[in-house]
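K.L.:
Below is a structure I'd like to ask you about.
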Amino acid sequence: MGKIILVTGGARSGKSSFAEKLALKIGGGRAAYVATAQIFDEEMNFRVKLHKMRRGNNWTTYEAPFDADKIISTAAENFDAILFDCVTIYLSNFICAQNLDDEEKIYSNFKILIGRLIDAAKNSGATIIFVSNEVGGGIVPENKLARIFRDLSGLANQMLAAESEKVFLAVAGLAVNIKKFAEEI
């Protein structure tokens, strides 16, 4: 049975670098990296290059902007630790492929999407570390797309946290296991 760990935090909080170190520790010095980003411009290309340079050669990368549940299953055949970076980019890919006028269908498809990730992780036999952003701490966005993104990001984090053995919150390069402090009712 696979294990799930969630690492969340704000932009540039240190969540990815923490998750990378954790994955290598769990994986005995090697791990799989499930990359969800699509490169459409120079800024994203630069961000991807930074992540690749930081990771080094101990990683096998799997590109998964869509259908990442299948990639998790494939990667788990060869790795004990899999880093999924990141849930919010994966959600962006999903949302941009939806009809924004049908919110009921978006939410229904979203639950299926995250459910498949959770099922794949649980059935993998590996430890899957999901990296996700905390995006709901600011003001309510003015446009529908941004509100849907904010809402689904928060719901995805809740769904993953509920199934996670550990949940780390990264702030200023430091990560704290917040699940052990959570009061469950």
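Residues are referred to by chain and number: the chain letter is A, B, ... according to the order shown in the structure tokens, the number counts from 1 in that chain, and ligands are numbered separately from 1 in the order shown.
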Restrict the calculation to only C-alpha atoms, then for each residue of range 22-71 of chain A with any atom at most 7 Å from an atom of range 75-94 of chain A give the closest atom pair and their distance in Å to one decimal, rows by chain and rising residue number, as a Markdown table.
P.N.:
| residue | atom | partner | partner_atom | distance |
| --- | --- | --- | --- | --- |
| A:Ala23 | CA | A:Ala81 | CA | 5.5 |
| A:Ile26 | CA | A:Ala81 | CA | 6.0 |
| A:Gly27 | CA | A:Ala81 | CA | 4.8 |
| A:Ala31 | CA | A:Ala81 | CA | 5.2 |
| A:Ala32 | CA | A:Ile82 | CA | 4.6 |
| A:Tyr33 | CA | A:Leu83 | CA | 4.8 |
| A:Val34 | CA | A:Phe84 | CA | 4.7 |
| A:Ala35 | CA | A:Asp85 | CA | 5.6 |
| A:Thr36 | CA | A:Tyr90 | CA | 5.4 |
| A:Ala37 | CA | A:Ile89 | CA | 6.0 |
| A:Pro65 | CA | A:Tyr90 | CA | 6.0 |
| A:Ile71 | CA | A:Ala75 | CA | 6.0 |
K.L.:
Store the residues of this selection in a file with all heavy atoms, as a PDB file, in the first residue's frame.
P.N.:
ATOM      1  N   ALA A  23      12.091  13.210  -0.590  1.00  0.00           N
ATOM      2  CA  ALA A  23      11.950  12.106  -1.546  1.00  0.00           C
ATOM      3  C   ALA A  23      13.250  11.321  -1.689  1.00  0.00           C
ATOM      4  O   ALA A  23      13.237  10.083  -1.721  1.00  0.00           O
ATOM      5  CB  ALA A  23      11.497  12.633  -2.908  1.00  0.00           C
ATOM      6  N   ILE A  26      13.713   9.166   1.454  1.00  0.00           N
ATOM      7  CA  ILE A  26      12.821   8.007   1.438  1.00  0.00           C
ATOM      8  C   ILE A  26      13.240   7.013   0.359  1.00  0.00           C
ATOM      9  O   ILE A  26      13.183   5.806   0.565  1.00  0.00           O
ATOM     10  CB  ILE A  26      11.360   8.462   1.231  1.00  0.00           C
ATOM     11  CG1 ILE A  26      10.872   9.225   2.465  1.00  0.00           C
ATOM     12  CG2 ILE A  26      10.443   7.267   0.935  1.00  0.00           C
ATOM     13  CD1 ILE A  26       9.556   9.965   2.261  1.00  0.00           C
ATOM     14  N   GLY A  27      13.670   7.527  -0.781  1.00  0.00           N
ATOM     15  CA  GLY A  27      14.022   6.680  -1.921  1.00  0.00           C
ATOM     16  C   GLY A  27      15.442   6.145  -1.912  1.00  0.00           C
ATOM     17  O   GLY A  27      15.883   5.554  -2.900  1.00  0.00           O
ATOM     18  N   ALA A  31      14.941   8.970  -6.872  1.00  0.00           N
ATOM     19  CA  ALA A  31      13.496   9.129  -6.830  1.00  0.00           C
ATOM     20  C   ALA A  31      12.966   9.483  -8.216  1.00  0.00           C
ATOM     21  O   ALA A  31      13.722   9.884  -9.101  1.00  0.00           O
ATOM     22  CB  ALA A  31      13.111  10.217  -5.825  1.00  0.00           C
ATOM     23  N   ALA A  32      11.666   9.336  -8.366  1.00  0.00           N
ATOM     24  CA  ALA A  32      10.982   9.752  -9.590  1.00  0.00           C
ATOM     25  C   ALA A  32      10.395  11.142  -9.371  1.00  0.00           C
ATOM     26  O   ALA A  32       9.984  11.487  -8.264  1.00  0.00           O
ATOM     27  CB  ALA A  32       9.877   8.771  -9.947  1.00  0.00           C
ATOM     28  N   TYR A  33      10.358  11.908 -10.432  1.00  0.00           N
ATOM     29  CA  TYR A  33       9.807  13.258 -10.392  1.00  0.00           C
ATOM     30  C   TYR A  33       8.691  13.338 -11.426  1.00  0.00           C
ATOM     31  O   TYR A  33       8.936  13.146 -12.621  1.00  0.00           O
ATOM     32  CB  TYR A  33      10.910  14.277 -10.711  1.00  0.00           C
ATOM     33  CG  TYR A  33      10.502  15.713 -10.560  1.00  0.00           C
ATOM     34  CD1 TYR A  33      10.714  16.385  -9.364  1.00  0.00           C
ATOM     35  CD2 TYR A  33       9.911  16.406 -11.611  1.00  0.00           C
ATOM     36  CE1 TYR A  33      10.353  17.715  -9.222  1.00  0.00           C
ATOM     37  CE2 TYR A  33       9.547  17.733 -11.467  1.00  0.00           C
ATOM     38  CZ  TYR A  33       9.774  18.382 -10.278  1.00  0.00           C
ATOM     39  OH  TYR A  33       9.417  19.699 -10.134  1.00  0.00           O
ATOM     40  N   VAL A  34       7.474  13.576 -10.973  1.00  0.00           N
ATOM     41  CA  VAL A  34       6.343  13.750 -11.880  1.00  0.00           C
ATOM     42  C   VAL A  34       6.169  15.251 -12.087  1.00  0.00           C
ATOM     43  O   VAL A  34       5.764  15.980 -11.172  1.00  0.00           O
ATOM     44  CB  VAL A  34       5.055  13.114 -11.324  1.00  0.00           C
ATOM     45  CG1 VAL A  34       3.885  13.385 -12.258  1.00  0.00           C
ATOM     46  CG2 VAL A  34       5.253  11.608 -11.123  1.00  0.00           C
ATOM     47  N   ALA A  35       6.512  15.705 -13.289  1.00  0.00           N
ATOM     48  CA  ALA A  35       6.460  17.127 -13.635  1.00  0.00           C
ATOM     49  C   ALA A  35       5.136  17.427 -14.330  1.00  0.00           C
ATOM     50  O   ALA A  35       4.798  16.793 -15.328  1.00  0.00           O
ATOM     51  CB  ALA A  35       7.629  17.480 -14.556  1.00  0.00           C
ATOM     52  N   THR A  36       4.406  18.392 -13.793  1.00  0.00           N
ATOM     53  CA  THR A  36       3.078  18.691 -14.325  1.00  0.00           C
ATOM     54  C   THR A  36       3.040  19.929 -15.218  1.00  0.00           C
ATOM     55  O   THR A  36       2.037  20.186 -15.868  1.00  0.00           O
ATOM     56  CB  THR A  36       2.074  18.880 -13.174  1.00  0.00           C
ATOM     57  OG1 THR A  36       2.482  19.984 -12.371  1.00  0.00           O
ATOM     58  CG2 THR A  36       1.967  17.617 -12.333  1.00  0.00           C
ATOM     59  N   ALA A  37       4.119  20.685 -15.251  1.00  0.00           N
ATOM     60  CA  ALA A  37       4.125  21.951 -15.991  1.00  0.00           C
ATOM     61  C   ALA A  37       4.172  21.732 -17.496  1.00  0.00           C
ATOM     62  O   ALA A  37       4.799  20.805 -17.988  1.00  0.00           O
ATOM     63  CB  ALA A  37       5.310  22.807 -15.564  1.00  0.00           C
ATOM     64  N   PRO A  65       1.370  16.496 -17.620  1.00  0.00           N
ATOM     65  CA  PRO A  65       0.427  17.602 -17.474  1.00  0.00           C
ATOM     66  C   PRO A  65      -1.024  17.117 -17.366  1.00  0.00           C
ATOM     67  O   PRO A  65      -1.885  17.826 -16.866  1.00  0.00           O
ATOM     68  CB  PRO A  65       0.651  18.441 -18.728  1.00  0.00           C
ATOM     69  CG  PRO A  65       1.262  17.514 -19.718  1.00  0.00           C
ATOM     70  CD  PRO A  65       2.025  16.496 -18.916  1.00  0.00           C
ATOM     71  N   ILE A  71       0.822   7.837 -14.719  1.00  0.00           N
ATOM     72  CA  ILE A  71       2.273   8.026 -14.588  1.00  0.00           C
ATOM     73  C   ILE A  71       2.732   7.595 -13.197  1.00  0.00           C
ATOM     74  O   ILE A  71       3.794   6.987 -13.047  1.00  0.00           O
ATOM     75  CB  ILE A  71       2.662   9.490 -14.877  1.00  0.00           C
ATOM     76  CG1 ILE A  71       2.312   9.874 -16.317  1.00  0.00           C
ATOM     77  CG2 ILE A  71       4.129   9.740 -14.572  1.00  0.00           C
ATOM     78  CD1 ILE A  71       3.020   9.071 -17.394  1.00  0.00           C
TER      79      ILE A  71
END
K.L.:
Could you pull out the strand (DSSP E or B) residues of chain A, going by DSSP on the backbone, and write them as a JSON list (two decimals) with N, CA, C and O atoms, in the first residue's frame?
P.N.:
[["chain", "number", "residue", "atom", "x", "y", "z"],
["A", 3, "LYS", "N", 1.96, 5.29, 0.37],
["A", 3, "LYS", "CA", 1.81, 6.34, 1.38],
["A", 3, "LYS", "C", 1.73, 7.68, 0.66],
["A", 3, "LYS", "O", 2.36, 7.87, -0.37],
["A", 4, "ILE", "N", 0.99, 8.60, 1.26],
["A", 4, "ILE", "CA", 0.86, 9.94, 0.72],
["A", 4, "ILE", "C", 1.40, 10.94, 1.74],
["A", 4, "ILE", "O", 1.10, 10.86, 2.92],
["A", 5, "ILE", "N", 2.21, 11.87, 1.24],
["A", 5, "ILE", "CA", 2.70, 13.00, 2.02],
["A", 5, "ILE", "C", 2.37, 14.26, 1.22],
["A", 5, "ILE", "O", 2.59, 14.30, 0.00],
["A", 6, "LEU", "N", 1.83, 15.27, 1.89],
["A", 6, "LEU", "CA", 1.53, 16.55, 1.24],
["A", 6, "LEU", "C", 2.49, 17.61, 1.77],
["A", 6, "LEU", "O", 2.69, 17.71, 2.98],
["A", 7, "VAL", "N", 3.09, 18.36, 0.85],
["A", 7, "VAL", "CA", 3.93, 19.50, 1.21],
["A", 7, "VAL", "C", 3.30, 20.73, 0.57],
["A", 7, "VAL", "O", 3.17, 20.80, -0.65],
["A", 8, "THR", "N", 2.88, 21.67, 1.40],
["A", 8, "THR", "CA", 2.21, 22.86, 0.89],
["A", 8, "THR", "C", 2.86, 24.11, 1.45],
["A", 8, "THR", "O", 3.64, 24.05, 2.41],
["A", 9, "GLY", "N", 2.54, 25.23, 0.86],
["A", 9, "GLY", "CA", 3.07, 26.51, 1.29],
["A", 9, "GLY", "C", 2.86, 27.53, 0.20],
["A", 9, "GLY", "O", 2.35, 27.22, -0.88],
["A", 31, "ALA", "N", 14.94, 8.97, -6.87],
["A", 31, "ALA", "CA", 13.50, 9.13, -6.83],
["A", 31, "ALA", "C", 12.97, 9.48, -8.22],
["A", 31, "ALA", "O", 13.72, 9.88, -9.10],
["A", 32, "ALA", "N", 11.67, 9.34, -8.37],
["A", 32, "ALA", "CA", 10.98, 9.75, -9.59],
["A", 32, "ALA", "C", 10.39, 11.14, -9.37],
["A", 32, "ALA", "O", 9.98, 11.49, -8.26],
["A", 33, "TYR", "N", 10.36, 11.91, -10.43],
["A", 33, "TYR", "CA", 9.81, 13.26, -10.39],
["A", 33, "TYR", "C", 8.69, 13.34, -11.43],
["A", 33, "TYR", "O", 8.94, 13.15, -12.62],
["A", 34, "VAL", "N", 7.47, 13.58, -10.97],
["A", 34, "VAL", "CA", 6.34, 13.75, -11.88],
["A", 34, "VAL", "C", 6.17, 15.25, -12.09],
["A", 34, "VAL", "O", 5.76, 15.98, -11.17],
["A", 35, "ALA", "N", 6.51, 15.70, -13.29],
["A", 35, "ALA", "CA", 6.46, 17.13, -13.63],
["A", 35, "ALA", "C", 5.14, 17.43, -14.33],
["A", 35, "ALA", "O", 4.80, 16.79, -15.33],
["A", 59, "TRP", "N", 17.45, 11.74, -10.28],
["A", 59, "TRP", "CA", 16.02, 11.76, -10.56],
["A", 59, "TRP", "C", 15.72, 11.21, -11.95],
["A", 59, "TRP", "O", 16.47, 11.44, -12.88],
["A", 60, "THR", "N", 14.60, 10.53, -12.05],
["A", 60, "THR", "CA", 14.02, 10.19, -13.34],
["A", 60, "THR", "C", 12.73, 10.98, -13.46],
["A", 60, "THR", "O", 11.86, 10.89, -12.60],
["A", 61, "THR", "N", 12.65, 11.78, -14.51],
["A", 61, "THR", "CA", 11.51, 12.68, -14.68],
["A", 61, "THR", "C", 10.47, 12.08, -15.61],
["A", 61, "THR", "O", 10.80, 11.54, -16.67],
["A", 62, "TYR", "N", 9.22, 12.21, -15.19],
["A", 62, "TYR", "CA", 8.06, 11.80, -15.98],
["A", 62, "TYR", "C", 7.22, 13.05, -16.22],
["A", 62, "TYR", "O", 6.84, 13.72, -15.27],
["A", 63, "GLU", "N", 6.96, 13.36, -17.47],
["A", 63, "GLU", "CA", 6.12, 14.51, -17.82],
["A", 63, "GLU", "C", 4.66, 14.09, -17.72],
["A", 63, "GLU", "O", 4.25, 13.11, -18.33],
["A", 81, "ALA", "N", 10.08, 6.23, -3.96],
["A", 81, "ALA", "CA", 9.64, 7.60, -3.67],
["A", 81, "ALA", "C", 9.37, 8.33, -4.98],
["A", 81, "ALA", "O", 10.17, 8.27, -5.91],
["A", 82, "ILE", "N", 8.23, 9.01, -5.00],
["A", 82, "ILE", "CA", 7.82, 9.76, -6.19],
["A", 82, "ILE", "C", 7.41, 11.16, -5.73],
["A", 82, "ILE", "O", 6.58, 11.31, -4.83],
["A", 83, "LEU", "N", 8.01, 12.16, -6.35],
["A", 83, "LEU", "CA", 7.66, 13.55, -6.06],
["A", 83, "LEU", "C", 6.75, 14.07, -7.17],
["A", 83, "LEU", "O", 7.11, 14.03, -8.34],
["A", 84, "PHE", "N", 5.57, 14.53, -6.79],
["A", 84, "PHE", "CA", 4.58, 15.08, -7.72],
["A", 84, "PHE", "C", 4.60, 16.59, -7.56],
["A", 84, "PHE", "O", 4.12, 17.13, -6.56],
["A", 85, "ASP", "N", 5.16, 17.30, -8.53],
["A", 85, "ASP", "CA", 5.34, 18.74, -8.41],
["A", 85, "ASP", "C", 4.80, 19.43, -9.67],
["A", 85, "ASP", "O", 5.43, 19.36, -10.71],
["A", 127, "THR", "N", 5.96, 5.79, -1.76],
["A", 127, "THR", "CA", 5.58, 7.00, -1.06],
["A", 127, "THR", "C", 5.49, 8.11, -2.10],
["A", 127, "THR", "O", 6.45, 8.39, -2.81],
["A", 128, "ILE", "N", 4.31, 8.72, -2.19],
["A", 128, "ILE", "CA", 4.08, 9.80, -3.14],
["A", 128, "ILE", "C", 4.04, 11.10, -2.35],
["A", 128, "ILE", "O", 3.24, 11.25, -1.42],
["A", 129, "ILE", "N", 4.91, 12.02, -2.71],
["A", 129, "ILE", "CA", 4.97, 13.32, -2.07],
["A", 129, "ILE", "C", 4.36, 14.33, -3.04],
["A", 129, "ILE", "O", 4.91, 14.59, -4.10],
["A", 130, "PHE", "N", 3.20, 14.86, -2.66],
["A", 130, "PHE", "CA", 2.52, 15.86, -3.47],
["A", 130, "PHE", "C", 2.92, 17.24, -2.99],
["A", 130, "PHE", "O", 2.81, 17.54, -1.79],
["A", 131, "VAL", "N", 3.36, 18.09, -3.91],
["A", 131, "VAL", "CA", 3.65, 19.49, -3.60],
["A", 131, "VAL", "C", 2.48, 20.32, -4.11],
["A", 131, "VAL", "O", 2.01, 20.10, -5.23],
["A", 132, "SER", "N", 2.02, 21.24, -3.28],
["A", 132, "SER", "CA", 0.89, 22.08, -3.67],
["A", 132, "SER", "C", 1.04, 23.46, -3.06],
["A", 132, "SER", "O", 1.67, 23.62, -2.01],
["A", 133, "ASN", "N", 0.44, 24.44, -3.70],
["A", 133, "ASN", "CA", 0.48, 25.81, -3.20],
["A", 133, "ASN", "C", -0.73, 26.11, -2.33],
["A", 133, "ASN", "O", -1.83, 25.63, -2.60],
["A", 166, "LYS", "N", 1.50, 12.41, 6.49],
["A", 166, "LYS", "CA", 2.10, 13.64, 7.01],
["A", 166, "LYS", "C", 1.70, 14.79, 6.09],
["A", 166, "LYS", "O", 1.58, 14.59, 4.87],
["A", 167, "VAL", "N", 1.54, 15.98, 6.67],
["A", 167, "VAL", "CA", 1.29, 17.19, 5.90],
["A", 167, "VAL", "C", 2.27, 18.25, 6.40],
["A", 167, "VAL", "O", 2.22, 18.63, 7.57],
["A", 168, "PHE", "N", 3.14, 18.69, 5.51],
["A", 168, "PHE", "CA", 4.13, 19.71, 5.86],
["A", 168, "PHE", "C", 3.71, 21.05, 5.30],
["A", 168, "PHE", "O", 3.28, 21.15, 4.16],
["A", 169, "LEU", "N", 3.86, 22.09, 6.11],
["A", 169, "LEU", "CA", 3.67, 23.47, 5.69],
["A", 169, "LEU", "C", 5.05, 24.12, 5.64],
["A", 169, "LEU", "O", 5.76, 24.13, 6.64],
["A", 170, "ALA", "N", 5.41, 24.63, 4.46],
["A", 170, "ALA", "CA", 6.70, 25.29, 4.29],
["A", 170, "ALA", "C", 6.52, 26.80, 4.35],
["A", 170, "ALA", "O", 5.64, 27.36, 3.70],
["A", 171, "VAL", "N", 7.38, 27.43, 5.15],
["A", 171, "VAL", "CA", 7.39, 28.88, 5.30],
["A", 171, "VAL", "C", 8.85, 29.30, 5.45],
["A", 171, "VAL", "O", 9.57, 28.75, 6.29],
["A", 174, "LEU", "N", 11.51, 26.68, 5.80],
["A", 174, "LEU", "CA", 11.36, 25.71, 6.88],
["A", 174, "LEU", "C", 10.04, 24.97, 6.72],
["A", 174, "LEU", "O", 9.03, 25.57, 6.35],
["A", 175, "ALA", "N", 10.04, 23.68, 7.02],
["A", 175, "ALA", "CA", 8.82, 22.89, 6.90],
["A", 175, "ALA", "C", 8.46, 22.28, 8.25],
["A", 175, "ALA", "O", 9.32, 21.76, 8.96],
["A", 176, "VAL", "N", 7.18, 22.35, 8.58],
["A", 176, "VAL", "CA", 6.67, 21.82, 9.84],
["A", 176, "VAL", "C", 5.57, 20.81, 9.51],
["A", 176, "VAL", "O", 4.69, 21.09, 8.68],
["A", 177, "ASN", "N", 5.60, 19.66, 10.17],
["A", 177, "ASN", "CA", 4.56, 18.66, 9.99],
["A", 177, "ASN", "C", 3.32, 19.12, 10.75],
["A", 177, "ASN", "O", 3.23, 18.95, 11.97]]
K.L.:
Just list as a ChimeraX atom specification whatever in range 18-165 of chain A DSSP marks as helix (DSSP H, G or I).
P.N.:
/A:18-26,42-55,68-75,87-96,103-122,144-163
K.L.:
Work out how far CA of Leu113 in chain A is from CA of Asp67 in chain A, in Å to one decimal.
P.N.:
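Taking CA of Asp67 in chain A and CA of Leu113 in chain A, their separation equals 8.4 Å.
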K.L.:
When you count only C-alpha atoms, which of these residues is closest to Asp101 in chain A: A:Ile139, A:Lys144, A:Glu134, A:Gly29?
P.N.:
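Using only C-alpha atoms, Asp101 in chain A sits closest to A:Lys144.
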K.L.:
One decimal, in Å: what's the spacing between CA of Thr74 in chain A and CA of Ala120 in chain A?
P.N.:
9.8 Å
K.L.:
Need to verify the contact set: Val135 in chain A, 8 Å, only C-alpha atoms, exclusion of same-chain residues closer than 3 positions in sequence. Can you return it as a PyMOL selection string?
P.N.:
chain A and resi 10+138+150+153-154
K.L.:
So how many Å separate CA of Phe181 in chain A and CA of Asn157 in chain A, to one decimal?
P.N.:
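Computing the Euclidean distance for CA of Phe181 in chain A and CA of Asn157 in chain A yields 16.7 Å.
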K.L.:
Would you please work out which residue, of A:Ala182, A:Leu100, A:Ala162, A:Ala68, is nearest to Ala146 in chain A when using only C-alpha atoms?
P.N.:
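Comparing A:Ala182, A:Leu100, A:Ala162, A:Ala68 against Ala146 in chain A, the winner is A:Leu100.
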K.L.:
May I ask which of the residues A:Ala126, A:Gly28, A:Gly2, A:Arg12 is the closest one to Arg47 in chain A, counting only C-alpha atoms?
P.N.:
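Of A:Ala126, A:Gly28, A:Gly2, A:Arg12, the one nearest Arg47 in chain A, counting only C-alpha atoms, is A:Arg12.
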K.L.:
For Asp151 in chain A, which residue among A:Phe18, A:Phe66, A:Phe110, A:Phe46 is the nearest when counting only C-alpha atoms?
P.N.:
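Closest residue, counting only C-alpha atoms: A:Phe110.
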